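Asker: Mind looking over this structure? Questions follow.
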Amino acid sequence: MSTTTVETSAAVNEKPSAEARSKSPRRGERSLAGSLASHGILTVASLIALFPIAWLVYLSLGPDKDDYLHPGRIWDKMTLDNYSFVLQHTNFFDWMKSSLIVSLGTTVVGVLVAATTGYAVSRMRFPGYRKLMWVLLVTQMFPIAVLIVPMYQILSDLQLIDSYLGLILVYCSTAVPYSAWLLKGYFDTIPFEIDEAGRVDGLSPFGTFVRLILPLAKPGLAVAAFYNFITAFGEVAFASTFMLDDTKYTFAVGLQSFVSEHDAQRNLMAATAVLVAIPVSAFFYLVQKNLVTGLTAGGTKG
């Protein structure tokens, strides 16, 4: 009798603990409240990030230049006339051509120089390699206003004022230092054994870099390419100083043509800004598969 009583009481005592274990979340799982809270925060953050873009698109549909002062009136008179005017009566396609030439040129030249520099510093121990990276870092500390005058003088001596090549070189001088640091950190995550295997197979250092390292560094290269593209695409100060012909203006400089001393056609500026975002969005779509991986991988070593 006592044995049955002890077994029954033990079974009763074990039952709540088993139920508690089944109700408690497993390791790595979130509770319902935690999941709802995280999704709610992400939703609010997404709305905050998307609101300026949606607002810009909304203002671009207003037919009058002063509609931004009374945005509630736009809803009843939405039109695409601003877009048709920008495409037909401005130098929009010249701005697009200039922006793509300069941005893609900066991307190709900048990533090539940054990749070779980052790989050399990551793998080779030549005299002054540490000082080289510090010099690249120091160049990022100078404000654009200080650099414009000496760069203008240099481009003038080289007869590169009002040329795409001159503007590409200027943008590379500002984009390459950061890209070199970024890629150097990414190359540090690639094992040295891969370089040694390339040498065993008879590859030269450059052959190892091109055939073995670069394919493994696609995420880092994607981040560097996106950074170089955005740097050249949205820059204003250098482009407005070094480009004199209005048909060679980039998008960022072309937007200034809608603003005069006494007037500002903000509806046309909004429509142009929406159109300007299309090439950037397309480029982001091309590199977005590797973008997140490249942004996080360069911060770790090993």
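Lettering and numbering for the structure tokens are positional, with chains as A, B, ... in the shown order, residues counted from 1 in each chain, and ligands counted from 1 in the shown order.
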If we count only C-alpha atoms, what is near A:Asp157 at a cut-off of 12 Å, once residues fewer than 6 positions away on the same chain are taken out, given as a tab-separated table (two decimals) with N, CA, C and O atoms, in the first residue's frame?
Answerer:
chain	number	residue	atom	x	y	z
A	150	PRO	N	43.28	72.41	-55.02
A	150	PRO	CA	44.44	71.70	-55.57
A	150	PRO	C	44.06	70.71	-56.66
A	150	PRO	O	44.81	70.54	-57.63
A	151	MET	N	42.93	70.04	-56.52
A	151	MET	CA	42.51	69.11	-57.57
A	151	MET	C	42.18	69.84	-58.87
A	151	MET	O	42.48	69.35	-59.96
A	166	GLY	N	38.73	62.97	-65.98
A	166	GLY	CA	39.17	63.77	-64.84
A	166	GLY	C	38.26	63.58	-63.64
A	166	GLY	O	38.73	63.43	-62.51
Asker: Which residues, written as a count of residues only, have at least one atom at most 10 Å from stretch 180-183 of chain A, with only C-alpha atoms counted and residues fewer than 4 positions away on the same chain left out?
Answerer: 32
Asker: Can you tell me, as a VMD selection string, which residues in stretch 62-295 of chain A count as alpha helix (DSSP H) by DSSP?
Answerer: chain A and resid 81 to 89 92 to 123 129 to 139 144 to 157 164 to 187 192 to 200 205 to 208 214 to 216 218 to 234 237 to 242 251 to 254 266 to 295
Asker: I need the residue nearest A:Lys289 from this list: A:Lys218, A:Val44, A:Ala232, A:Val86. Use only C-alpha atoms for the distance.
Answerer: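 Using only C-alpha atoms, the shortest distance to A:Lys289 belongs to A:Lys218.
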Asker: Counting only C-alpha atoms, what is within 9 Å of A:Asp67, bar same-chain residues fewer than 6 positions away, as a count of residues only?
Answerer: 5
Asker: Quick one: which stretch 56-101 of chain A residues come within 12 Å of stretch 268-275 of chain A, and what is the nearest atom pair for each with the distance in Å to one decimal, counting only C-alpha atoms, rows ordered by chain and ascending number, as a Markdown table?
Answerer:
| residue | atom | partner | partner_atom | distance |
| --- | --- | --- | --- | --- |
| A:Leu56 | CA | A:Ala270 | CA | 5.9 |
| A:Val57 | CA | A:Val274 | CA | 6.5 |
| A:Tyr58 | CA | A:Ala270 | CA | 8.8 |
| A:Leu59 | CA | A:Ala270 | CA | 6.5 |
| A:Ser60 | CA | A:Ala271 | CA | 4.6 |
| A:Leu61 | CA | A:Ala271 | CA | 7.6 |
| A:Gly62 | CA | A:Leu268 | CA | 9.2 |
| A:Pro63 | CA | A:Leu268 | CA | 8.9 |
| A:Asp64 | CA | A:Leu268 | CA | 9.1 |
| A:Lys65 | CA | A:Leu268 | CA | 7.5 |
| A:Asp66 | CA | A:Leu268 | CA | 10.9 |
| A:Asp67 | CA | A:Leu268 | CA | 11.2 |
| A:Tyr68 | CA | A:Ala270 | CA | 10.0 |
| A:Thr79 | CA | A:Ala271 | CA | 11.0 |
| A:Leu80 | CA | A:Ala271 | CA | 8.8 |
| A:Asp81 | CA | A:Leu268 | CA | 9.3 |
| A:Asn82 | CA | A:Leu268 | CA | 5.6 |
| A:Tyr83 | CA | A:Ala271 | CA | 5.7 |
| A:Ser84 | CA | A:Ala271 | CA | 9.3 |
| A:Phe85 | CA | A:Leu268 | CA | 8.0 |
| A:Val86 | CA | A:Thr272 | CA | 6.7 |
| A:Leu87 | CA | A:Thr272 | CA | 8.7 |
| A:Gln88 | CA | A:Thr272 | CA | 11.9 |
| A:His89 | CA | A:Leu268 | CA | 11.0 |
| A:Thr90 | CA | A:Thr272 | CA | 10.0 |
| A:Asn91 | CA | A:Thr272 | CA | 10.9 |
| A:Phe92 | CA | A:Thr272 | CA | 8.1 |
| A:Phe93 | CA | A:Leu275 | CA | 10.8 |
| A:Trp95 | CA | A:Thr272 | CA | 10.7 |
| A:Met96 | CA | A:Leu275 | CA | 9.8 |
Asker: Between atom CA of A:Thr174 and atom CA of A:Ile161, what is the distance, to one decimal in Å?
Answerer: 17.6 Å
Asker: Measuring between only C-alpha atoms, which one of A:Ser156, A:Gln140, A:Ser38, A:Ser179 shows the shortest distance to A:Phe226?
Answerer: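 With only C-alpha atoms as the atom set, the closest residue is A:Ser179.
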Asker: Near stretch 240-246 of chain A, counting only C-alpha atoms, which residues have an atom at most 8 Å away, once you skip same-chain residues fewer than 2 positions from it, shown as number ranges by chain?
Answerer: A: 148, 152, 161-163, 167, 236-238, 248-249, 253-254
Asker: Restricted to N, CA and C atoms, what would the selected residues look like written as a PDB file, in the first residue's frame?
Answerer:
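Final output, saved to selection_38.pdb:
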ATOM      1  N   ILE A 148      39.174  70.804 -53.343  1.00  0.00           N
ATOM      2  CA  ILE A 148      38.716  71.262 -54.656  1.00  0.00           C
ATOM      3  C   ILE A 148      39.772  72.101 -55.367  1.00  0.00           C
ATOM      4  N   TYR A 152      41.576  71.015 -58.756  1.00  0.00           N
ATOM      5  CA  TYR A 152      41.284  71.798 -59.957  1.00  0.00           C
ATOM      6  C   TYR A 152      42.585  72.186 -60.662  1.00  0.00           C
ATOM      7  N   ILE A 161      39.992  69.147 -67.239  1.00  0.00           N
ATOM      8  CA  ILE A 161      38.799  69.868 -66.811  1.00  0.00           C
ATOM      9  C   ILE A 161      37.687  69.626 -67.835  1.00  0.00           C
ATOM     10  N   ASP A 162      36.477  69.445 -67.356  1.00  0.00           N
ATOM     11  CA  ASP A 162      35.306  69.200 -68.204  1.00  0.00           C
ATOM     12  C   ASP A 162      35.460  67.898 -69.008  1.00  0.00           C
ATOM     13  N   SER A 163      36.045  66.893 -68.367  1.00  0.00           N
ATOM     14  CA  SER A 163      36.177  65.583 -69.016  1.00  0.00           C
ATOM     15  C   SER A 163      35.738  64.501 -68.042  1.00  0.00           C
ATOM     16  N   LEU A 167      36.941  63.557 -63.880  1.00  0.00           N
ATOM     17  CA  LEU A 167      36.004  63.385 -62.769  1.00  0.00           C
ATOM     18  C   LEU A 167      36.100  61.974 -62.190  1.00  0.00           C
ATOM     19  N   VAL A 236      28.083  66.052 -55.585  1.00  0.00           N
ATOM     20  CA  VAL A 236      27.697  67.323 -56.205  1.00  0.00           C
ATOM     21  C   VAL A 236      28.876  68.285 -56.341  1.00  0.00           C
ATOM     22  N   ALA A 237      29.661  68.450 -55.288  1.00  0.00           N
ATOM     23  CA  ALA A 237      30.669  69.519 -55.251  1.00  0.00           C
ATOM     24  C   ALA A 237      31.700  69.370 -56.368  1.00  0.00           C
ATOM     25  N   PHE A 238      32.305  68.209 -56.499  1.00  0.00           N
ATOM     26  CA  PHE A 238      33.314  68.006 -57.534  1.00  0.00           C
ATOM     27  C   PHE A 238      32.707  68.111 -58.931  1.00  0.00           C
ATOM     28  N   LYS A 248      27.173  67.622 -69.867  1.00  0.00           N
ATOM     29  CA  LYS A 248      28.003  66.661 -69.160  1.00  0.00           C
ATOM     30  C   LYS A 248      27.713  66.629 -67.667  1.00  0.00           C
ATOM     31  N   TYR A 249      26.696  67.371 -67.254  1.00  0.00           N
ATOM     32  CA  TYR A 249      26.327  67.348 -65.851  1.00  0.00           C
ATOM     33  C   TYR A 249      25.839  65.955 -65.457  1.00  0.00           C
ATOM     34  N   VAL A 253      24.040  67.249 -60.236  1.00  0.00           N
ATOM     35  CA  VAL A 253      24.225  68.644 -60.644  1.00  0.00           C
ATOM     36  C   VAL A 253      23.048  69.112 -61.481  1.00  0.00           C
ATOM     37  N   GLY A 254      22.497  68.223 -62.304  1.00  0.00           N
ATOM     38  CA  GLY A 254      21.355  68.588 -63.129  1.00  0.00           C
ATOM     39  C   GLY A 254      20.150  69.015 -62.319  1.00  0.00           C
TER      40      GLY A 254
END
Asker: So how far away is atom CA of A:Thr106 from atom CA of A:Leu158, in Å?
Answerer: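 It comes out at 18.5 Å.
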Asker: Quick one: distance from atom CA of A:Ser260 to atom CA of A:Phe233 in Å, one decimal?
Answerer: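 Interatomic distance, atom CA of A:Ser260 to atom CA of A:Phe233: 22.7 Å.
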